[in-house]
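These notes concern the structure reproduced below.
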Amino acid sequence: MRLRTPNVLLPKSWVACVAVLLLAGVLPVSAAKIGDMAETDWRTQAVRFLTLSDPAVRYALAGTALLGVACGLLGGFLVVRRMALVGDALSHAVLPGVALGFLWNMSKDPVAIFVGATIAGLLGTGTVFLITRTTRLKEDSALGMVLAGFFGAGLCLMSMFQRLPSGGKAGIDKFLFGQAAALGPGDVRLMAVVTLLVVMVLGVAYKEFLLVSFDPGFAQVSALPTRWLQHLLMLLLAFSVVIALQAVGVVLVSAMLITPAATAYLLTDRMHRLLLIGALLGLVSGVSGAFFSFLGTNLPTGPFMVLSASGLFVLAFFLSPSRGLVPRWWRSRGQRVRIARENTLKAVYQILEDEAFRRDSISLRELAEKRRVTLEAAGGEARSLRRAEFATLDDETVCLTPSGWQRAAAIVRNHRLWELYLTHAAQVAPDHVHDDAEKIEHVLGEDAVRQLERRLQFADTDPHGKPIPGVHAVHGPSPAARPGKPTGYGGNR
Amino acid sequence: MSDANRKTEAAGEPPGGMAPLEVHDLTVAYQKKPVLWGVDLVAPAGKLIGILGPNGAGKSTLIKACMGLIPPAAGWVKVFGKPISETLSRVGYVPQRESVDWDFPVSVMDVVLMGRYGKVGLFRRPSRADRDVARACLERVKMLPFADRQISNLSGGQQQRVFLARALAQESDLYFMDEPFAGVDAATESAIIELLHDLRGKGKTIFVVHHDLPTARNYFDWLLLLNMRVVAFGPTEEVFTYELLQKAYGGRLTILSEVAEAVRAKGHLG
Amino acid sequence: MNLVPPFEFHRVVVAPWTTELANYGVMALMSFLVAAACGLVGNYLILRRMALVGDAISHSVLPGIVVAFLATGSRGTVPMFIGAVGAAVVTTLLIEGIHRHSRVKQDAAIGIAFSSLFAIGVILISLFADKVDLDQDCVLNGELPLIPLSPSVELWGIALGPPALVRMAVVLLLSVVGILLFYKELLVGAFDPGLASSLGFRPGWILQGLMVWLSIVVVSAFEAVGAILVIAMLILPGATASLVTDRLGRRMVLSVVHSALSAVLGMHLSVWLDCSPSGAAVVAGSGLFVVAWLFGPHDGVLPRIWRRRRTLEGVIDPAEAEDYPGSGRVIR
Ligand SMILES: Nc1ncnc2c1ncn2[C@@H]1O[C@H](COP(=O)(O)OP(=O)(O)OP(=O)(O)O)[C@@H](O)[C@H]1O
Ligand SMILES: [Mg+2]
């Protein structure tokens with residue numbers, strides 16, 4: 001046996017920190033019931049919310065924050081495992097359990113509802129699993145059926161309660177679309193316990209959940225209790241759906257699992273960061289949902305939370321620095337502009353080269369002929385060069401600046417080296433290489449060029465017999481400024 | 001496990017003379033359809049063993065059944081003389097590349113570290129030593145510069161090498177590799193084969209599912225020809241014959257010509 | 001506890017077909033029409049593995065209806081249809097857009113798209129509660145019991161029935177005609193889009209047509225069953241039928257049979273328990289599914305257990321093992 005250092009079985013210190021913080025947020029909340037919220041205008045409501053003067057506000061705030069964290073954390077696993085809609089089925093399937101839990105003593109007893117709903121949710125996901133395993137039905141149909149079947153049963157039960165003398169106005173209908181203002185101290189305590197549990201379990205078994213989600217077969221081979229971990233994850237998911245029910249509502253609770261985590265998936269590509277960002281976004285959307293629904297009378301909380309979460313998703317979708325649509329579009333636009341400029345520079349270089357670099361400027365007409373475009377288009381290209389300070393443009397005359405010269409020499413050099421490489425190494429016929437080189441010359445990095453040179457033993461003419469500009473040209477002044485060497489840039493040694 | 005123990009294995013003799021893998025009368029069925037029938041084999045230690053057979057022959061299934069990922073309908077598997085559940089820590093695994101989602105948000109390093117999880121133990125964190133092992137394994141497959149990349153930003157061959165590094169990090173005595181050469185270029189393939197020969201030199205036993213007949217002969221010490229049952233299992237010289245290959249790939253014309261080609265190449269070489 | 005009322009045979013079984021026929025008969029008929037029309041589209045959703053896209057569209061029809069309502073101030077058929085089709089188009093575009101242009105997979109994209117749209121719908125309802133004649137209960141349950149109460153539509157002096165019923169019947173009729181006309185296009189499109197385009201059909205158009213059809217069915221069902229239970233109506237008939245037979249034509253017929261049975265059983269159930277009639281229809285339909293699941297000829301759990309016992313005996317059969325290689329793959 002190899003000795004193991006018996007250290008880390010205890011929860012990590014940060015888990016403890018989070019736990020303390022969470023508890024600190026919840027316990028000071030004193031017991032009180034919601035006041036009447038009738039007929040107040042949204043400004044006073046906003047003030048009431050922001051000053052936290054009302055205990056109902058504090059409960060709503062603590063509760064939505066807690067459920068946001070729990071759902072955001074666990075949702076990460078659903079999203080990366082492409083199981084988002086399992087969350088949807090799970091959240092609809094809890095409804096009959098809520099109803100039966102309610103039946104327990106005909107009141108909104110948080111614990112009874114919690115137990116009933118969890119059992120129903122697990123039964124629902126179990127049924128999905130059984131259907132896909134034993135029939136030819138695919139997962140999507142199974143999810144849809146279980147979702148609707150359980151939900152229908154729940155609706156039947158609830159409509160039966162409405163008839164009962166005590167059932168009618170006990171607030172069970174709040175479970176459908178969610179009402180954060182109806183959260184009581186018992187609910188919030190339960191939410192705190194569950195969120196704490198989720199955070200602790202993930203803190204302790206993050207590595208196991210990661211492997212089980214990424215590669216279950218390998219997890220089993222690594223002697224992890226794969227099946228138990230899967231069940232545990234499902235159980236935690238059911239827990240967090242159930243605690244979220246009262247504030248978000250059965251119908252939309254799956255969005256609190258999916259949307260914050262999917263948003264986080266857009267922002268990072270490491271699992272631990274995904275979970276943390278998901279939790280944070282869940283918290284933000286939970287709290288802001290509570291805030292918005294507080295502004296009016298009788299506004300349901302769930303839809304506002306979901307909309308906040310979706311708003312964050314939209315922001316990330318368009319603006320995420322690495323993968324957002326706008327930055328990506330901007331970058332590709334930048335690249336297109338750069339390539340266009342480099343092509344113009346190359347044309348200028350070639351025109352000057354044809355006259356053995358005796359001049360240092362060309363006319364727009366020459367440029368237009370070389371590029372085979374109209375005079376106006378050539379003018380546009382020249383202005384683009386001027387914007388990048390690669391050239392000056394006066395009176396239809398284009399004159400490259402020193403940096404323009406260097407860039408032009410570099411791009412011609414890349415082009416010719418690559419052509420040479422293709423004909424030498426890949427044995428492509430010289431008259432076929434030009435198009436490939438056209439594409440590759442813009443993306444060759446410094447290192448790649450060095451490597452090419454070495455491969456080609458510092459050759460100095462391209463397959464068409466033209467000189468390849470040397471390194472000194474790429475870093476040196478223009479040929480016109482070097483009277484000793486009027487024939488251009490040839491020679492690498 | 002003590003160092004002394006390791007050394008005896010390195011010499012090619014498993015402790016107590018136990019075979020690395022012993023399969024007896026193994027039958028595996030998916031629901032009602034059996035895909036492996038009565039597989040019997042005893043693998044020698046310290047050999048690089050190729051598993052050959054047509055698509056759907058049950059190669060992956062055999063590997064999974066040996067690793068205990070699929071319960072057998074009949075028969076048993078013993079690894080180093082014990083049931084697989086007791087010897088998992090001595091077995092390494094390279095699954096088929098398609099078996100995971102490469103968009104998963106983990107880095108190359110994270111994946112290789114997963115190879116250490118079996119040794120690290122439940123609910124403990126990988127230590128610095130584990131990270132060093134993982135890094136060394138990445139270095140061996142020449143993937144260290146990519147350690148911090150997300151795995152979707154890798155080419156197919158690089159992904160395959162990451163899986164290989166993960167298996168190396170398991171530091172096992174018996175390896176099962178499912179098509180480690182799929183989508184790998186020739187240079188990488190020979191680098192991997194060199195690595196496998198190196199492992200074999202340290203006394204490890206390695207099963208490799210392979211699809212290319214002409215190279216199979218040069219790569220492997222032993223061959224297992226599989227088509228739902230064992231067609232042949234033995235040293236390459238004995239197994240790599242036209243008759244046996246035809247029996248394994250029976251009835252498939254395109255493959256048959258490849259078989260003929262491979263056998264001709266064999267005649268040519270030796 | 002008097003939660004479950006006693007089972008009075010006359011009240012539960014006889015009365016709905018005699019004295020109460022005008023009421024319960026219409027409800028059962030409506031619920032049959034809804035389930036049948038939904039079930040027919042649903043068969044294609046199941047084939048295409050798009051059941052949850054159906055779910056998404058049935059949710060997002062809600063904001064479509066509300067917006068149409070707010071714009072026109074009435075609950076007319078045409079604005080509602082336009083609103084629903086628009087919402088369906090927006091949903092499919094959102095789902096496609098999200099999973100094309102980011103790394104978020106289709107399942108999460110579906111979840112995000114429909115929950116946002118549905119949330120918008122609910123918020124609009126609660127903000128304009130006084131202007132919209134819709135409430136949250138209607139969104140969840142539908143208003144099946146109210147349908148028989150509305151005045152009958154008359155055509156050439158003949159009373160046809162309540163408007164919702166007539167609308168649903170027309171939609172069902174059009175669905176049947178559409179299926180008969182485009183049977184092979186729909187089949188090939190569902191089975192193999194590549195083949196469809198090589199045969200000269202446009203798979204994209206077939207898909208769009210399916211979505212429009214789906215949204216029209218869903219919006220006409222909305223009044224009866226709300227936005228959430230629709231998914232049951234869409235999937236249950238086809239899923240049950242697919243456990244019984246492989247052939248698409250027979251599945252269609254069987255799913256209509258399933259709809260009829262679940263409508264009648266559901267009606268009786270809701271009379272007995274005095275509960276939400278749409279919920280009861282779904283429960284009855286699920287019950288029928290479970291029956292097919294247990295006893296179905298192919299995948300039925302009980303036949304399977306019996307068969308497994310038989311095959312396990314025959315697994316290691318040396319006689320069959322010898323006629324290998326090549327042919328020995330399929331073992332009975
Ligand atoms: N999960 C499964 N359920 C049902 N049948 C399966 C399953 N996995 C594999 N099979 C069947 O078992 C047989 C053997 O499959 P296996 O994956 O072992 O083949 P293989 O030899 O690895 O093929 P390949 O060369 O294509 O990887 C095939 O006929 C396949 O259809
Ligand atoms: Mg395989």
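Scheme for the structure tokens: letters A, B, ... for chains in order shown; per-chain residue numbers from 1; ligand numbers from 1 in order shown.
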
* Please, which residues of chain B lie no more than 10 Å from chain A when the count uses only C-alpha atoms, and can they be set out as a PyMOL selection string? -> chain B and resi 1-3+31+64+67-70+84-95+99-107+110-111+113-127+149-152+167+170

Return as a compact mmCIF listing (two decimals) with N, CA, C and O atoms, in the first residue's frame the residues of protein, DNA or RNA that approach ligand 1 to within 10 Å, with only C-alpha atoms and all ligand atoms taken into account.
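Produced file selection_26.txt, reproduced below:
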```txt
# COMPACT_ATOMS: atom_id res chain seq x y z
N VAL B 28 -21.46 -11.50 -24.22
CA VAL B 28 -22.03 -10.19 -23.92
C VAL B 28 -23.19 -9.94 -24.86
O VAL B 28 -23.09 -10.21 -26.06
N ALA B 29 -24.29 -9.45 -24.32
CA ALA B 29 -25.46 -9.18 -25.15
C ALA B 29 -25.95 -7.76 -24.86
O ALA B 29 -25.94 -7.30 -23.72
N TYR B 30 -26.30 -7.03 -25.94
CA TYR B 30 -27.01 -5.77 -25.76
C TYR B 30 -28.48 -6.11 -25.87
O TYR B 30 -28.95 -6.51 -26.94
N GLN B 31 -29.20 -5.91 -24.78
CA GLN B 31 -30.60 -6.34 -24.72
C GLN B 31 -30.74 -7.78 -25.21
O GLN B 31 -30.20 -8.66 -24.58
N LYS B 32 -31.38 -7.99 -26.36
CA LYS B 32 -31.56 -9.40 -26.70
C LYS B 32 -30.55 -9.90 -27.70
O LYS B 32 -30.57 -11.06 -28.08
N LYS B 33 -29.67 -9.03 -28.16
CA LYS B 33 -28.77 -9.43 -29.23
C LYS B 33 -27.35 -9.68 -28.71
O LYS B 33 -26.65 -8.74 -28.33
N PRO B 34 -26.90 -10.93 -28.69
CA PRO B 34 -25.53 -11.18 -28.25
C PRO B 34 -24.55 -10.64 -29.28
O PRO B 34 -24.76 -10.80 -30.48
N VAL B 35 -23.50 -9.97 -28.83
CA VAL B 35 -22.50 -9.47 -29.77
C VAL B 35 -21.14 -10.12 -29.56
O VAL B 35 -20.26 -9.96 -30.39
N LEU B 36 -20.95 -10.79 -28.47
CA LEU B 36 -19.71 -11.54 -28.24
C LEU B 36 -20.10 -12.91 -27.72
O LEU B 36 -20.94 -13.01 -26.82
N ILE B 51 -5.89 -5.94 -31.51
CA ILE B 51 -7.20 -6.56 -31.69
C ILE B 51 -7.71 -6.15 -33.06
O ILE B 51 -7.86 -4.97 -33.35
N LEU B 52 -7.90 -7.14 -33.93
CA LEU B 52 -8.33 -6.85 -35.29
C LEU B 52 -9.70 -7.47 -35.53
O LEU B 52 -10.02 -8.52 -34.97
N GLY B 53 -10.46 -6.84 -36.38
CA GLY B 53 -11.76 -7.39 -36.75
C GLY B 53 -12.55 -6.34 -37.48
O GLY B 53 -12.26 -5.16 -37.38
N PRO B 54 -13.56 -6.76 -38.25
CA PRO B 54 -14.35 -5.80 -39.00
C PRO B 54 -15.17 -4.89 -38.10
O PRO B 54 -15.27 -5.15 -36.89
N ASN B 55 -15.79 -3.85 -38.68
CA ASN B 55 -16.66 -2.98 -37.89
C ASN B 55 -17.80 -3.80 -37.29
O ASN B 55 -18.35 -4.66 -37.95
N GLY B 56 -18.10 -3.52 -36.05
CA GLY B 56 -19.19 -4.24 -35.41
C GLY B 56 -18.80 -5.63 -34.97
O GLY B 56 -19.65 -6.43 -34.60
N ALA B 57 -17.49 -5.94 -34.99
CA ALA B 57 -17.06 -7.27 -34.60
C ALA B 57 -17.17 -7.46 -33.10
O ALA B 57 -17.12 -8.59 -32.60
N GLY B 58 -17.28 -6.38 -32.37
CA GLY B 58 -17.36 -6.49 -30.92
C GLY B 58 -16.05 -6.14 -30.23
O GLY B 58 -15.87 -6.47 -29.06
N LYS B 59 -15.17 -5.44 -30.93
CA LYS B 59 -13.88 -5.10 -30.32
C LYS B 59 -14.07 -4.17 -29.13
O LYS B 59 -13.56 -4.43 -28.03
N SER B 60 -14.81 -3.09 -29.39
CA SER B 60 -15.05 -2.16 -28.28
C SER B 60 -15.82 -2.85 -27.17
O SER B 60 -15.56 -2.62 -25.98
N THR B 61 -16.74 -3.68 -27.56
CA THR B 61 -17.53 -4.39 -26.55
C THR B 61 -16.64 -5.29 -25.69
O THR B 61 -16.81 -5.34 -24.47
N LEU B 62 -15.71 -5.96 -26.33
CA LEU B 62 -14.81 -6.83 -25.56
C LEU B 62 -14.04 -6.01 -24.53
O LEU B 62 -13.94 -6.38 -23.36
N ILE B 63 -13.50 -4.89 -24.99
CA ILE B 63 -12.73 -4.05 -24.08
C ILE B 63 -13.61 -3.57 -22.93
O ILE B 63 -13.23 -3.65 -21.76
N LYS B 64 -14.81 -3.11 -23.27
CA LYS B 64 -15.67 -2.61 -22.21
C LYS B 64 -16.05 -3.71 -21.24
O LYS B 64 -16.14 -3.48 -20.03
N ALA B 65 -16.28 -4.89 -21.77
CA ALA B 65 -16.65 -6.00 -20.88
C ALA B 65 -15.47 -6.36 -19.98
O ALA B 65 -15.64 -6.63 -18.79
N ILE B 70 -19.59 -3.14 -19.10
CA ILE B 70 -20.83 -3.81 -19.51
C ILE B 70 -20.86 -5.14 -18.76
O ILE B 70 -19.87 -5.87 -18.76
N GLN B 96 -12.69 5.15 -27.24
CA GLN B 96 -12.79 5.71 -28.58
C GLN B 96 -13.01 7.20 -28.47
O GLN B 96 -13.69 7.67 -27.56
N ASP B 178 -8.72 1.81 -27.35
CA ASP B 178 -9.68 1.61 -28.43
C ASP B 178 -9.38 2.57 -29.57
O ASP B 178 -9.63 3.77 -29.46
N GLU B 179 -8.81 2.06 -30.62
CA GLU B 179 -8.49 2.83 -31.82
C GLU B 179 -7.70 4.10 -31.52
O GLU B 179 -8.14 5.20 -31.85
N VAL B 209 -6.88 -1.75 -30.17
CA VAL B 209 -7.77 -2.01 -31.31
C VAL B 209 -7.21 -1.27 -32.51
O VAL B 209 -6.89 -0.09 -32.43
N HIS B 210 -7.06 -1.99 -33.61
CA HIS B 210 -6.40 -1.41 -34.76
C HIS B 210 -7.19 -1.75 -36.01
O HIS B 210 -7.83 -2.81 -36.08
N HIS B 211 -7.14 -0.86 -37.00
CA HIS B 211 -7.95 -1.11 -38.19
C HIS B 211 -7.13 -1.30 -39.46
O HIS B 211 -7.66 -1.71 -40.48
N LEU B 226 -10.90 -11.03 -34.09
CA LEU B 226 -12.20 -11.12 -33.43
C LEU B 226 -13.29 -10.90 -34.45
O LEU B 226 -13.20 -10.01 -35.30
N ASN B 227 -14.28 -11.75 -34.43
CA ASN B 227 -15.52 -11.44 -35.13
C ASN B 227 -16.62 -12.13 -34.36
O ASN B 227 -16.99 -13.25 -34.65
N MET B 228 -17.08 -11.47 -33.38
CA MET B 228 -18.11 -11.98 -32.48
C MET B 228 -17.59 -13.12 -31.62
O MET B 228 -18.04 -13.29 -30.50
N ARG C 329 -24.77 -13.17 -37.68
CA ARG C 329 -24.95 -11.98 -36.87
C ARG C 329 -26.27 -11.92 -36.13
O ARG C 329 -26.33 -11.57 -34.97
N VAL C 330 -27.33 -12.25 -36.84
CA VAL C 330 -28.64 -12.10 -36.21
C VAL C 330 -29.03 -13.38 -35.52
O VAL C 330 -29.07 -14.45 -36.11
```

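With only C-alpha atoms and all ligand atoms as the atoms that count, the residue of B:Arg97, B:Ala165, B:Leu213, B:Leu244 with the shortest distance to ligand 2 is B:Arg97.
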
* Per DSSP on the backbone, filter range 323-422 of chain A down to the residues in helix (DSSP H, G or I) and report them as number ranges by chain. => A: 325-354, 364-371, 375-387, 402-422

* Of the residues C:Gly39, C:Leu180, C:Ile110, C:Ser102, which is the one nearest to chain B, using only C-alpha atoms? ->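 Among C:Gly39, C:Leu180, C:Ile110, C:Ser102, it is C:Ser102 that comes nearest to chain B.
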
* Asked: Pick the closest to chain C from B:Gly75, B:Pro180, B:Pro214, B:Gly81: which is it, counting only C-alpha atoms?
  ->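 Nearest to chain C: B:Gly75.
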
* **Distance filter 7 Å, only C-alpha atoms, chain C against chain A, as a ChimeraX atom specification** => /C:3,46,49-52,103-105,107-108,111-112,115-116,119-120,122-123,126,229,231-232,235-236,274-276,279-280,282-283,286,299

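CA of Ala74 in chain B to CA of Tyr249 in chain B spans 25.2 Å [interatomic distance, one decimal].
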
* **range 181-193 of chain A surroundings by only C-alpha atoms, 6 Å radius, close-in-sequence under 4 positions cut, as a PyMOL selection string** => chain A and resi 60+63+110+243

* Which residue of B:Pro20, B:Gly46, B:Pro72, B:Gly157 approaches chain C most closely, using only C-alpha atoms ->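 Nearest candidate to chain C out of B:Pro20, B:Gly46, B:Pro72, B:Gly157: B:Pro72.
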
* **For Arg202 in chain C: contacts at 12 Å, only C-alpha atoms, fewer than 2 positions along chain excluded, given as a ChimeraX atom specification** => /C:185-186,188-190,192-200,204-209

For the residues in the current selection, export all heavy atoms as a CSV table (one decimal), in the first residue's frame.
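Done, and the output landed in part-v4.csv:
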```
chain,number,residue,atom,x,y,z
C,185,GLU,N,-44.1,13.6,-49.1
C,185,GLU,CA,-43.2,14.6,-48.8
C,185,GLU,C,-42.8,14.7,-47.3
C,185,GLU,O,-41.7,14.8,-46.9
C,185,GLU,CB,-43.7,16.0,-49.2
C,185,GLU,CG,-43.7,16.3,-50.7
C,185,GLU,CD,-44.8,15.6,-51.4
C,185,GLU,OE1,-45.6,14.9,-50.8
C,185,GLU,OE2,-45.0,15.8,-52.7
C,186,LEU,N,-43.9,14.7,-46.5
C,186,LEU,CA,-43.7,14.7,-45.1
C,186,LEU,C,-42.9,13.5,-44.6
C,186,LEU,O,-42.0,13.7,-43.7
C,186,LEU,CB,-45.1,14.8,-44.4
C,186,LEU,CG,-45.8,16.1,-44.4
C,186,LEU,CD1,-47.2,16.0,-44.0
C,186,LEU,CD2,-45.1,17.1,-43.6
C,188,VAL,N,-40.8,11.5,-46.3
C,188,VAL,CA,-39.4,11.6,-46.7
C,188,VAL,C,-38.6,12.7,-45.9
C,188,VAL,O,-37.5,12.5,-45.5
C,188,VAL,CB,-39.3,11.7,-48.2
C,188,VAL,CG1,-37.8,11.9,-48.6
C,188,VAL,CG2,-39.8,10.5,-48.9
C,189,GLY,N,-39.3,13.8,-45.8
C,189,GLY,CA,-38.7,14.9,-45.1
C,189,GLY,C,-38.3,14.6,-43.6
C,189,GLY,O,-37.3,15.0,-43.1
C,190,ALA,N,-39.2,13.8,-43.0
C,190,ALA,CA,-38.9,13.4,-41.6
C,190,ALA,C,-37.9,12.4,-41.6
C,190,ALA,O,-37.0,12.4,-40.7
C,190,ALA,CB,-40.2,12.9,-41.0
C,192,ASP,N,-35.4,11.4,-43.9
C,192,ASP,CA,-34.1,11.6,-44.5
C,192,ASP,C,-34.1,12.9,-45.3
C,192,ASP,O,-34.3,12.9,-46.5
C,192,ASP,CB,-33.8,10.4,-45.4
C,192,ASP,CG,-32.3,10.5,-45.9
C,192,ASP,OD1,-31.7,11.6,-45.7
C,192,ASP,OD2,-31.9,9.5,-46.4
C,193,PRO,N,-33.8,14.1,-44.7
C,193,PRO,CA,-33.8,15.3,-45.4
C,193,PRO,C,-32.9,15.3,-46.6
C,193,PRO,O,-33.2,15.9,-47.7
C,193,PRO,CB,-33.3,16.3,-44.4
C,193,PRO,CG,-33.5,15.7,-43.0
C,193,PRO,CD,-33.5,14.2,-43.3
C,194,GLY,N,-31.8,14.6,-46.5
C,194,GLY,CA,-30.8,14.5,-47.7
C,194,GLY,C,-31.5,13.8,-48.9
C,194,GLY,O,-31.5,14.4,-50.0
C,195,LEU,N,-32.2,12.7,-48.6
C,195,LEU,CA,-32.9,12.0,-49.6
C,195,LEU,C,-34.0,12.9,-50.2
C,195,LEU,O,-34.2,13.0,-51.4
C,195,LEU,CB,-33.5,10.8,-49.1
C,195,LEU,CG,-34.4,9.9,-50.1
C,195,LEU,CD1,-33.5,9.4,-51.2
C,195,LEU,CD2,-35.1,8.8,-49.4
C,196,ALA,N,-34.7,13.7,-49.3
C,196,ALA,CA,-35.7,14.5,-49.7
C,196,ALA,C,-35.2,15.5,-50.8
C,196,ALA,O,-35.8,15.7,-51.8
C,196,ALA,CB,-36.4,15.3,-48.6
C,197,SER,N,-34.1,16.1,-50.5
C,197,SER,CA,-33.6,17.1,-51.4
C,197,SER,C,-33.2,16.5,-52.7
C,197,SER,O,-33.3,17.1,-53.8
C,197,SER,CB,-32.5,18.0,-50.8
C,197,SER,OG,-31.5,17.2,-50.4
C,198,SER,N,-32.6,15.3,-52.6
C,198,SER,CA,-32.2,14.6,-53.9
C,198,SER,C,-33.4,14.2,-54.7
C,198,SER,O,-33.3,14.0,-55.9
C,198,SER,CB,-31.3,13.4,-53.6
C,198,SER,OG,-32.0,12.4,-53.0
C,199,LEU,N,-34.6,14.0,-54.1
C,199,LEU,CA,-35.8,13.7,-54.8
C,199,LEU,C,-36.4,14.9,-55.3
C,199,LEU,O,-37.5,14.8,-56.0
C,199,LEU,CB,-36.7,12.9,-53.9
C,199,LEU,CG,-36.3,11.5,-53.5
C,199,LEU,CD1,-37.4,10.9,-52.6
C,199,LEU,CD2,-36.2,10.6,-54.7
C,200,GLY,N,-35.9,16.1,-55.0
C,200,GLY,CA,-36.5,17.3,-55.6
C,200,GLY,C,-37.5,18.0,-54.6
C,200,GLY,O,-38.0,19.0,-54.9
C,204,GLY,N,-36.1,22.2,-46.4
C,204,GLY,CA,-36.4,23.5,-45.6
C,204,GLY,C,-37.8,23.9,-45.6
C,204,GLY,O,-38.4,24.2,-44.6
C,205,TRP,N,-38.4,23.8,-46.8
C,205,TRP,CA,-39.8,24.2,-46.9
C,205,TRP,C,-40.7,23.2,-46.2
C,205,TRP,O,-41.7,23.6,-45.5
C,205,TRP,CB,-40.2,24.2,-48.4
C,205,TRP,CG,-39.7,25.4,-49.1
C,205,TRP,CD1,-38.7,25.5,-49.9
C,205,TRP,CD2,-40.2,26.7,-49.0
C,205,TRP,NE1,-38.5,26.8,-50.4
C,205,TRP,CE2,-39.4,27.6,-49.8
C,205,TRP,CE3,-41.3,27.3,-48.3
C,205,TRP,CZ2,-39.6,28.9,-49.9
C,205,TRP,CZ3,-41.5,28.7,-48.4
C,205,TRP,CH2,-40.7,29.4,-49.2
C,206,ILE,N,-40.4,21.9,-46.2
C,206,ILE,CA,-41.2,20.9,-45.5
C,206,ILE,C,-41.2,21.3,-44.0
C,206,ILE,O,-42.2,21.3,-43.3
C,206,ILE,CB,-40.7,19.5,-45.8
C,206,ILE,CG1,-40.8,19.2,-47.3
C,206,ILE,CG2,-41.5,18.5,-45.0
C,206,ILE,CD1,-40.2,17.8,-47.6
C,207,LEU,N,-39.9,21.6,-43.5
C,207,LEU,CA,-39.8,21.9,-42.1
C,207,LEU,C,-40.6,23.2,-41.8
C,207,LEU,O,-41.4,23.2,-40.8
C,207,LEU,CB,-38.3,22.1,-41.8
C,207,LEU,CG,-38.0,22.4,-40.3
C,207,LEU,CD1,-38.5,21.3,-39.4
C,207,LEU,CD2,-36.6,22.7,-40.1
C,208,GLN,N,-40.5,24.2,-42.6
C,208,GLN,CA,-41.2,25.4,-42.3
C,208,GLN,C,-42.7,25.2,-42.3
C,208,GLN,O,-43.5,25.6,-41.4
C,208,GLN,CB,-40.9,26.5,-43.4
C,208,GLN,CG,-39.5,27.1,-43.2
C,208,GLN,CD,-39.2,27.6,-41.8
C,208,GLN,OE1,-40.1,28.1,-41.2
C,208,GLN,NE2,-38.0,27.3,-41.4
C,209,GLY,N,-43.2,24.4,-43.3
C,209,GLY,CA,-44.6,24.0,-43.4
C,209,GLY,C,-45.1,23.3,-42.1
C,209,GLY,O,-46.1,23.6,-41.5
```

* Test item: residues at most 7 Å from range 261-263 of chain C, only C-alpha atoms, excluding those fewer than 2 positions along its chain, as a ChimeraX atom specification -> /C:28,31-32,257-259,265-267,281,284-285

* Using only C-alpha atoms, pick whichever of C:Ala71, C:Leu155, C:Val218, C:Arg304 has the shortest atom-to-atom distance to chain B. => C:Arg304

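Residues with any atom within 7 Å of Ile228 in chain C, counting only C-alpha atoms and excluding same-chain neighbours fewer than 4 positions away, are Ser58, His59 and Leu140 of chain C.
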
May I have the residues from that selection written out with C-alpha atoms, as a CSV table (one decimal), in the first residue's frame?
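The result, stored in selection27.csv:
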```
chain,number,residue,atom,x,y,z
C,58,SER,CA,-46.6,25.7,-27.6
C,59,HIS,CA,-45.2,27.8,-24.9
C,140,LEU,CA,-52.3,26.6,-17.5
```

* Asked: Which neighbours of Val42 in chain B fall inside 7 Å, counting only C-alpha atoms, when residues of the same chain fewer than 2 positions from it are skipped, and could you give them as a ChimeraX atom specification?
  -> /B:19,21-23,44

* Could you state the separation of CA of Arg372 in chain A and CA of Lys466 in chain A in Å, given to one decimal place? -> 21.3 Å
